Amino acid sequence: MSVSTIVPSAAFVPLVSPFETYHSVFWEVEDEPDLALTSKTRMLALPAIALATLRYVAAPAECMHPQTRGIVTEASMRLAVWKDRGARMSAWTVARSFQGLFFGGDLAWSRRVPLKGLDLIRATDELGCEALEWYCDVPSDIDPYAFQTVRLHKALERYAPTVEPLRKSGPSDAHQRRPTRFR
């Protein structure tokens, strides 16, 4: 008894990358500006309702024409591809995915909070890639029980306008600290 395998001709067709528009211009565009991705993200200053209602609108991936290259641009392209494929992901799921894809899955706060993933969401909105916008609902100025939909960068301007840099401890102030003595 002979077993023959019939392989369809479609099996030998090269796969088309969903990032074709990104890969085709990768070496022709300039690097994206430094958007200071950090685990000390301003996103945590947003009200809980804003984080819970965070959502994005993206054009189809083939319509996007990146002007820069880097992590934030690639994350923007991934959002468009996920939208094309019909993935219904919350912002928290997107942040966890970004954390795993770009930062090795390093989660803070007992490995529960994707801080760098949240900051990458902020950066995708700040970079302003064409046809990608993040929106959230925040309490209105007049009535705290009424909500208004605003762009993410507007919500960050309102709730987290500046971030004070943390004081770095180094050898210059080591003499000011006293060693702890245990008796």
# chains A, B, ... in the order shown; residues from 1 in each chain; ligands from 1
call {"tool": "closest_atom_pairs", "arguments": {"of": "stretch 113-135 of chain A", "to": "stretch 33-52 of chain A", "cutoff": "8 Å", "atoms": "only C-alpha atoms", "output": "CSV"}}
result
residue,atom,partner,partner_atom,distance
A:Leu115,CA,A:Ser39,CA,5.0
A:Lys116,CA,A:Ser39,CA,4.9
A:Leu118,CA,A:Met43,CA,6.6
A:Asp119,CA,A:Thr41,CA,5.4
A:Leu120,CA,A:Leu37,CA,6.6
A:Arg122,CA,A:Met43,CA,7.2
A:Ala123,CA,A:Leu35,CA,6.3
A:Leu127,CA,A:Leu35,CA,8.0
call {"tool": "write_last_selection", "arguments": {"atoms": "N, CA and C atoms", "output": "tab-separated table (two decimals), in the first residue's frame"}}
result
chain	number	residue	atom	x	y	z
A	115	LEU	N	4.33	48.34	32.63
A	115	LEU	CA	4.64	49.77	32.66
A	115	LEU	C	5.25	50.27	31.36
A	116	LYS	N	6.23	49.56	30.84
A	116	LYS	CA	6.84	49.99	29.57
A	116	LYS	C	5.89	49.81	28.40
A	118	LEU	N	2.62	50.28	28.62
A	118	LEU	CA	1.76	51.45	28.72
A	118	LEU	C	2.46	52.69	28.19
A	119	ASP	N	3.75	52.81	28.49
A	119	ASP	CA	4.49	53.97	28.01
A	119	ASP	C	4.66	53.91	26.49
A	120	LEU	N	4.74	52.72	25.94
A	120	LEU	CA	4.82	52.58	24.49
A	120	LEU	C	3.49	53.00	23.83
A	122	ARG	N	1.62	55.37	25.04
A	122	ARG	CA	1.73	56.83	25.08
A	122	ARG	C	2.61	57.33	23.94
A	123	ALA	N	3.70	56.65	23.70
A	123	ALA	CA	4.63	57.07	22.66
A	123	ALA	C	4.03	56.94	21.26
A	127	LEU	N	3.96	60.13	18.89
A	127	LEU	CA	4.68	60.15	17.62
A	127	LEU	C	3.78	60.64	16.50
call {"tool": "select_by_dssp", "arguments": {"residues": "stretch 47-157 of chain A", "states": "strand (DSSP E)", "output": "PyMOL selection string"}}
result
chain A and resi 55-58+68-69+132-139+147-151
call {"tool": "write_last_selection", "arguments": {"atoms": "N, CA, C and O atoms", "output": "tab-separated table (two decimals), in the first residue's frame"}}
result
chain	number	residue	atom	x	y	z
A	55	ARG	N	-8.77	53.26	23.96
A	55	ARG	CA	-8.97	52.52	22.71
A	55	ARG	C	-8.29	53.26	21.57
A	55	ARG	O	-7.99	54.44	21.70
A	56	TYR	N	-8.07	52.56	20.47
A	56	TYR	CA	-7.38	53.19	19.35
A	56	TYR	C	-8.17	53.02	18.06
A	56	TYR	O	-8.98	52.13	17.92
A	57	VAL	N	-7.90	53.94	17.15
A	57	VAL	CA	-8.47	53.90	15.81
A	57	VAL	C	-7.28	53.87	14.86
A	57	VAL	O	-6.38	54.70	14.96
A	58	ALA	N	-7.27	52.90	13.96
A	58	ALA	CA	-6.15	52.77	13.04
A	58	ALA	C	-6.66	52.50	11.63
A	58	ALA	O	-7.66	51.81	11.44
A	68	THR	N	9.26	57.28	9.89
A	68	THR	CA	10.39	57.03	10.77
A	68	THR	C	10.55	55.53	10.96
A	68	THR	O	9.69	54.75	10.53
A	69	ARG	N	11.64	55.13	11.60
A	69	ARG	CA	11.84	53.72	11.94
A	69	ARG	C	12.24	53.62	13.40
A	69	ARG	O	12.94	54.49	13.93
A	132	LEU	N	-3.39	56.75	13.15
A	132	LEU	CA	-3.42	55.99	14.40
A	132	LEU	C	-3.65	56.99	15.53
A	132	LEU	O	-2.84	57.89	15.74
A	133	GLU	N	-4.75	56.83	16.22
A	133	GLU	CA	-5.09	57.75	17.30
A	133	GLU	C	-5.63	56.96	18.49
A	133	GLU	O	-6.39	56.01	18.32
A	134	TRP	N	-5.21	57.36	19.69
A	134	TRP	CA	-5.70	56.77	20.93
A	134	TRP	C	-6.69	57.72	21.57
A	134	TRP	O	-6.46	58.92	21.62
A	135	TYR	N	-7.80	57.18	22.07
A	135	TYR	CA	-8.84	57.95	22.74
A	135	TYR	C	-9.14	57.33	24.10
A	135	TYR	O	-8.97	56.13	24.30
A	136	CYS	N	-9.61	58.18	25.03
A	136	CYS	CA	-10.06	57.68	26.33
A	136	CYS	C	-11.17	58.59	26.84
A	136	CYS	O	-11.34	59.71	26.36
A	137	ASP	N	-11.92	58.10	27.82
A	137	ASP	CA	-12.98	58.88	28.45
A	137	ASP	C	-12.46	59.40	29.78
A	137	ASP	O	-11.92	58.64	30.58
A	138	VAL	N	-12.63	60.69	30.00
A	138	VAL	CA	-12.21	61.32	31.26
A	138	VAL	C	-13.39	62.10	31.83
A	138	VAL	O	-14.29	62.51	31.10
A	139	PRO	N	-13.39	62.31	33.16
A	139	PRO	CA	-14.45	63.13	33.75
A	139	PRO	C	-14.42	64.54	33.17
A	139	PRO	O	-13.36	65.11	32.93
A	147	PHE	N	-18.79	62.10	31.44
A	147	PHE	CA	-17.50	61.82	30.81
A	147	PHE	C	-17.46	62.37	29.40
A	147	PHE	O	-18.48	62.47	28.73
A	148	GLN	N	-16.25	62.71	28.98
A	148	GLN	CA	-16.04	63.18	27.62
A	148	GLN	C	-14.90	62.38	27.00
A	148	GLN	O	-13.97	61.98	27.68
A	149	THR	N	-15.00	62.15	25.71
A	149	THR	CA	-13.97	61.40	24.99
A	149	THR	C	-12.94	62.39	24.47
A	149	THR	O	-13.29	63.36	23.80
A	150	VAL	N	-11.67	62.13	24.79
A	150	VAL	CA	-10.58	63.01	24.37
A	150	VAL	C	-9.44	62.16	23.84
A	150	VAL	O	-9.36	60.96	24.10
A	151	ARG	N	-8.55	62.79	23.10
A	151	ARG	CA	-7.33	62.11	22.66
A	151	ARG	C	-6.46	61.83	23.87
A	151	ARG	O	-6.49	62.57	24.86
call {"tool": "select_by_dssp", "arguments": {"residues": "stretch 10-118 of chain A", "states": "helix (DSSP H, G or I)", "output": "PyMOL selection string"}}
result
chain A and resi 10-12+20-24+42-45+48-52+61-63+71-84+91-102+115-118
